[in-house]
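Chemist: What follows is start_14.txt, made up of compact mmCIF, C-alpha atoms and all ligand atoms:
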```txt
# COMPACT_ATOMS: atom_id res chain seq x y z
CA MET A 7 22.20 3.22 -10.96
CA LYS A 8 23.11 -0.25 -12.16
CA ARG A 9 22.50 -1.76 -8.74
CA VAL A 10 19.01 -0.25 -8.57
CA THR A 11 18.12 -1.80 -11.93
CA VAL A 12 19.28 -5.23 -10.81
CA THR A 13 17.31 -4.95 -7.56
CA VAL A 14 14.12 -4.05 -9.38
CA ALA A 15 14.64 -6.92 -11.81
CA GLN A 16 15.15 -9.27 -8.91
CA PHE A 17 11.96 -8.08 -7.28
CA ALA A 18 10.07 -8.66 -10.50
CA PHE A 19 11.54 -12.13 -10.79
CA LEU A 20 10.65 -12.97 -7.20
CA ALA A 21 7.11 -11.70 -7.67
CA LEU A 22 6.68 -13.86 -10.76
CA ALA A 23 8.28 -16.88 -9.10
CA ALA A 24 5.98 -16.53 -6.10
CA LEU A 25 2.81 -16.74 -8.18
CA PRO A 26 2.75 -20.51 -8.90
CA LEU A 27 3.89 -21.15 -5.34
CA GLN A 28 1.00 -19.18 -3.94
CA ALA A 29 -1.45 -21.02 -6.16
CA ALA A 30 -0.12 -24.34 -4.89
CA GLU A 31 -0.40 -23.18 -1.29
CA MET A 32 -3.97 -22.09 -1.84
CA LYS A 33 -4.84 -25.56 -3.10
CA ASP A 34 -3.21 -27.23 -0.14
CA THR A 35 -5.04 -25.04 2.35
CA SER A 36 -8.45 -25.16 0.68
CA GLY A 37 -9.81 -27.00 3.68
CA MET A 38 -8.80 -24.25 6.07
CA LYS A 39 -11.33 -22.04 7.76
CA PRO A 40 -11.86 -18.53 6.40
CA GLY A 41 -9.54 -16.07 8.07
CA ALA A 42 -6.94 -18.70 8.81
CA SER A 43 -5.16 -18.17 5.49
CA LYS A 44 -2.03 -16.04 5.30
CA ALA A 45 -3.20 -14.77 1.91
CA THR A 46 -5.87 -12.62 3.55
CA THR A 47 -5.17 -8.99 2.67
CA GLN A 48 -4.21 -7.04 5.75
CA VAL A 49 -5.26 -3.42 5.93
CA HIS A 50 -2.89 -0.96 7.57
CA ASN A 51 -4.08 2.30 9.01
CA GLY A 52 -2.07 5.50 8.96
CA SER A 53 -2.35 9.23 9.30
CA GLY A 54 -0.41 12.12 7.85
CA THR A 55 -0.37 15.32 5.88
CA VAL A 56 -1.01 15.71 2.15
CA LYS A 57 2.06 17.09 0.35
CA GLY A 58 0.83 16.81 -3.21
CA VAL A 59 -1.93 15.26 -5.31
CA ASP A 60 -1.69 13.96 -8.87
CA ALA A 61 -5.31 13.14 -9.63
CA ASN A 62 -4.63 12.08 -13.24
CA ALA A 63 -1.99 9.54 -12.22
CA GLY A 64 -3.97 8.46 -9.15
CA LYS A 65 -1.07 9.35 -6.91
CA ILE A 66 -0.75 11.22 -3.66
CA ASN A 67 2.36 12.34 -1.82
CA LEU A 68 1.98 12.00 1.92
CA SER A 69 4.09 12.83 4.91
CA HIS A 70 2.87 10.04 7.17
CA GLY A 71 3.51 9.02 10.74
CA ALA A 72 4.93 5.66 11.77
CA ILE A 73 2.86 2.64 10.74
CA PRO A 74 3.75 -0.11 13.23
CA SER A 75 1.79 -2.85 11.40
CA LEU A 76 4.09 -2.36 8.38
CA ASN A 77 7.24 -1.68 10.39
CA TRP A 78 7.43 1.72 8.72
CA PRO A 79 8.94 4.78 10.31
CA ALA A 80 7.49 8.20 9.64
CA MET A 81 8.35 9.38 6.11
CA THR A 82 7.25 11.30 3.07
CA MET A 83 6.39 9.17 0.05
CA ASP A 84 4.15 8.68 -2.97
CA PHE A 85 1.19 6.34 -2.83
CA GLN A 86 -0.95 4.96 -5.60
CA VAL A 87 -4.65 5.01 -4.81
CA LYS A 88 -6.96 2.15 -5.65
CA ASP A 89 -9.71 4.48 -6.85
CA LYS A 90 -8.79 7.94 -8.19
CA ALA A 91 -12.11 9.29 -6.94
CA VAL A 92 -10.84 9.26 -3.36
CA LEU A 93 -8.40 12.07 -4.26
CA LYS A 94 -11.23 14.46 -5.03
CA GLY A 95 -11.19 17.42 -2.67
CA LEU A 96 -7.83 16.55 -1.08
CA LYS A 97 -5.38 19.43 -0.95
CA PRO A 98 -1.77 19.90 0.16
CA GLY A 99 -1.55 20.78 3.84
CA GLN A 100 -4.61 18.75 4.76
CA ASN A 101 -4.36 16.21 7.59
CA VAL A 102 -5.69 12.83 6.54
CA GLU A 103 -6.32 9.32 7.78
CA PHE A 104 -5.93 6.43 5.37
CA ASP A 105 -5.95 2.68 4.89
CA ILE A 106 -3.24 0.87 2.93
CA ALA A 107 -3.47 -2.59 1.42
CA GLN A 108 -0.39 -4.43 0.18
CA ALA A 109 -0.84 -5.18 -3.51
CA GLY A 110 2.52 -6.79 -4.20
CA GLN A 111 5.88 -7.44 -2.61
CA SER A 112 6.72 -3.76 -2.48
CA GLN A 113 3.54 -2.19 -3.77
CA PHE A 114 1.02 -0.49 -1.55
CA LEU A 115 -2.36 0.91 -2.49
CA ILE A 116 -4.42 3.44 -0.58
CA THR A 117 -7.87 1.98 -0.32
CA ARG A 118 -9.41 4.73 1.80
CA ILE A 119 -8.36 8.28 2.57
CA ALA A 120 -10.31 10.97 4.35
CA PRO A 121 -9.66 14.25 6.14
CA ALA A 122 -8.63 13.60 9.72
CA ALA A 123 -10.96 14.59 12.52
CA ARG A 124 -9.79 17.80 14.16
CA LYS A 125 -8.06 17.34 17.47
CU CU B 201 6.00 5.51 3.87
```
Once you've parsed the file, please lay out its structure as structure tokens.
Ligand SMILES: [Cu+2]
Modeler:
Amino acid sequence: MKRVTVTVAQFAFLALAALPLQAAEMKDTSGMKPGASKATTQVHNGSGTVKGVDANAGKINLSHGAIPSLNWPAMTMDFQVKDKAVLKGLKPGQNVEFDIAQAGQSQFLITRIAPAARK
């Protein structure tokens, strides 16, 4: 338990420490062409099955397939959604396709989720 606490604290520290660095990098690269910056938010696409929905908290539990662009294996996990409205009508057992955007060092937001097309 103690080790987990330290790890989280370290993550928080790293996230805070990275902020001024990022700002400095942005200044240095202000002459770069759009799209050339590393800061551009990458969207990752995945598919899976809904395990549970917590509409009030804006959370969804998904059993998702591998997401190569994130180096993720298949797993079951909770996701925070960017907009709670996207959870409307989603039910456990439903197959879905979704987009994920990285919102922090270890934070991921679902920016789009929709029932998967039947195969
Ligand atoms: Cu996952």
Chemist: Given all atoms listed in the file, how would the per-residue table for chain A near ligand CU 201 (chain B) read, listing every residue at most 8 Å away with its closest atom pair and distance in Å to one decimal, sorted by chain and number, as JSON lines?
Modeler:
```
{"residue": "A:Leu68", "atom": "CA", "partner": "B:CU201", "partner_atom": "CU", "distance": 7.9}
{"residue": "A:Ser69", "atom": "CA", "partner": "B:CU201", "partner_atom": "CU", "distance": 7.6}
{"residue": "A:His70", "atom": "CA", "partner": "B:CU201", "partner_atom": "CU", "distance": 6.4}
{"residue": "A:Ala72", "atom": "CA", "partner": "B:CU201", "partner_atom": "CU", "distance": 8.0}
{"residue": "A:Trp78", "atom": "CA", "partner": "B:CU201", "partner_atom": "CU", "distance": 6.3}
{"residue": "A:Pro79", "atom": "CA", "partner": "B:CU201", "partner_atom": "CU", "distance": 7.1}
{"residue": "A:Ala80", "atom": "CA", "partner": "B:CU201", "partner_atom": "CU", "distance": 6.5}
{"residue": "A:Met81", "atom": "CA", "partner": "B:CU201", "partner_atom": "CU", "distance": 5.1}
{"residue": "A:Thr82", "atom": "CA", "partner": "B:CU201", "partner_atom": "CU", "distance": 6.0}
{"residue": "A:Met83", "atom": "CA", "partner": "B:CU201", "partner_atom": "CU", "distance": 5.3}
{"residue": "A:Asp84", "atom": "CA", "partner": "B:CU201", "partner_atom": "CU", "distance": 7.8}
```
Chemist: How far is it from CA of Pro121 (chain A) to CA of Val102 (chain A), in Å with one decimal?
Modeler: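 Result for CA of Pro121 (chain A) versus CA of Val102 (chain A): 4.2 Å, one decimal.
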Chemist: Please indicate the distance in Å from CA of Ala109 (chain A) to CA of Thr47 (chain A), rounded to one decimal place.
Modeler: 8.5 Å
Chemist: For Gly58 (chain A), please output as a list in words all residues within 8 Å (counting all atoms listed in the file; exclusion window: fewer than 6 positions along the same chain).
Modeler: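 The residues that qualify are Ile66, Asn67, Leu68, Lys97 and Pro98 of chain A.
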Chemist: For CA of Val56 (chain A) and CA of Asn77 (chain A), determine how far apart the two atoms are, in Å to one decimal place.
Modeler: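 Result for CA of Val56 (chain A) versus CA of Asn77 (chain A): 20.9 Å, one decimal.
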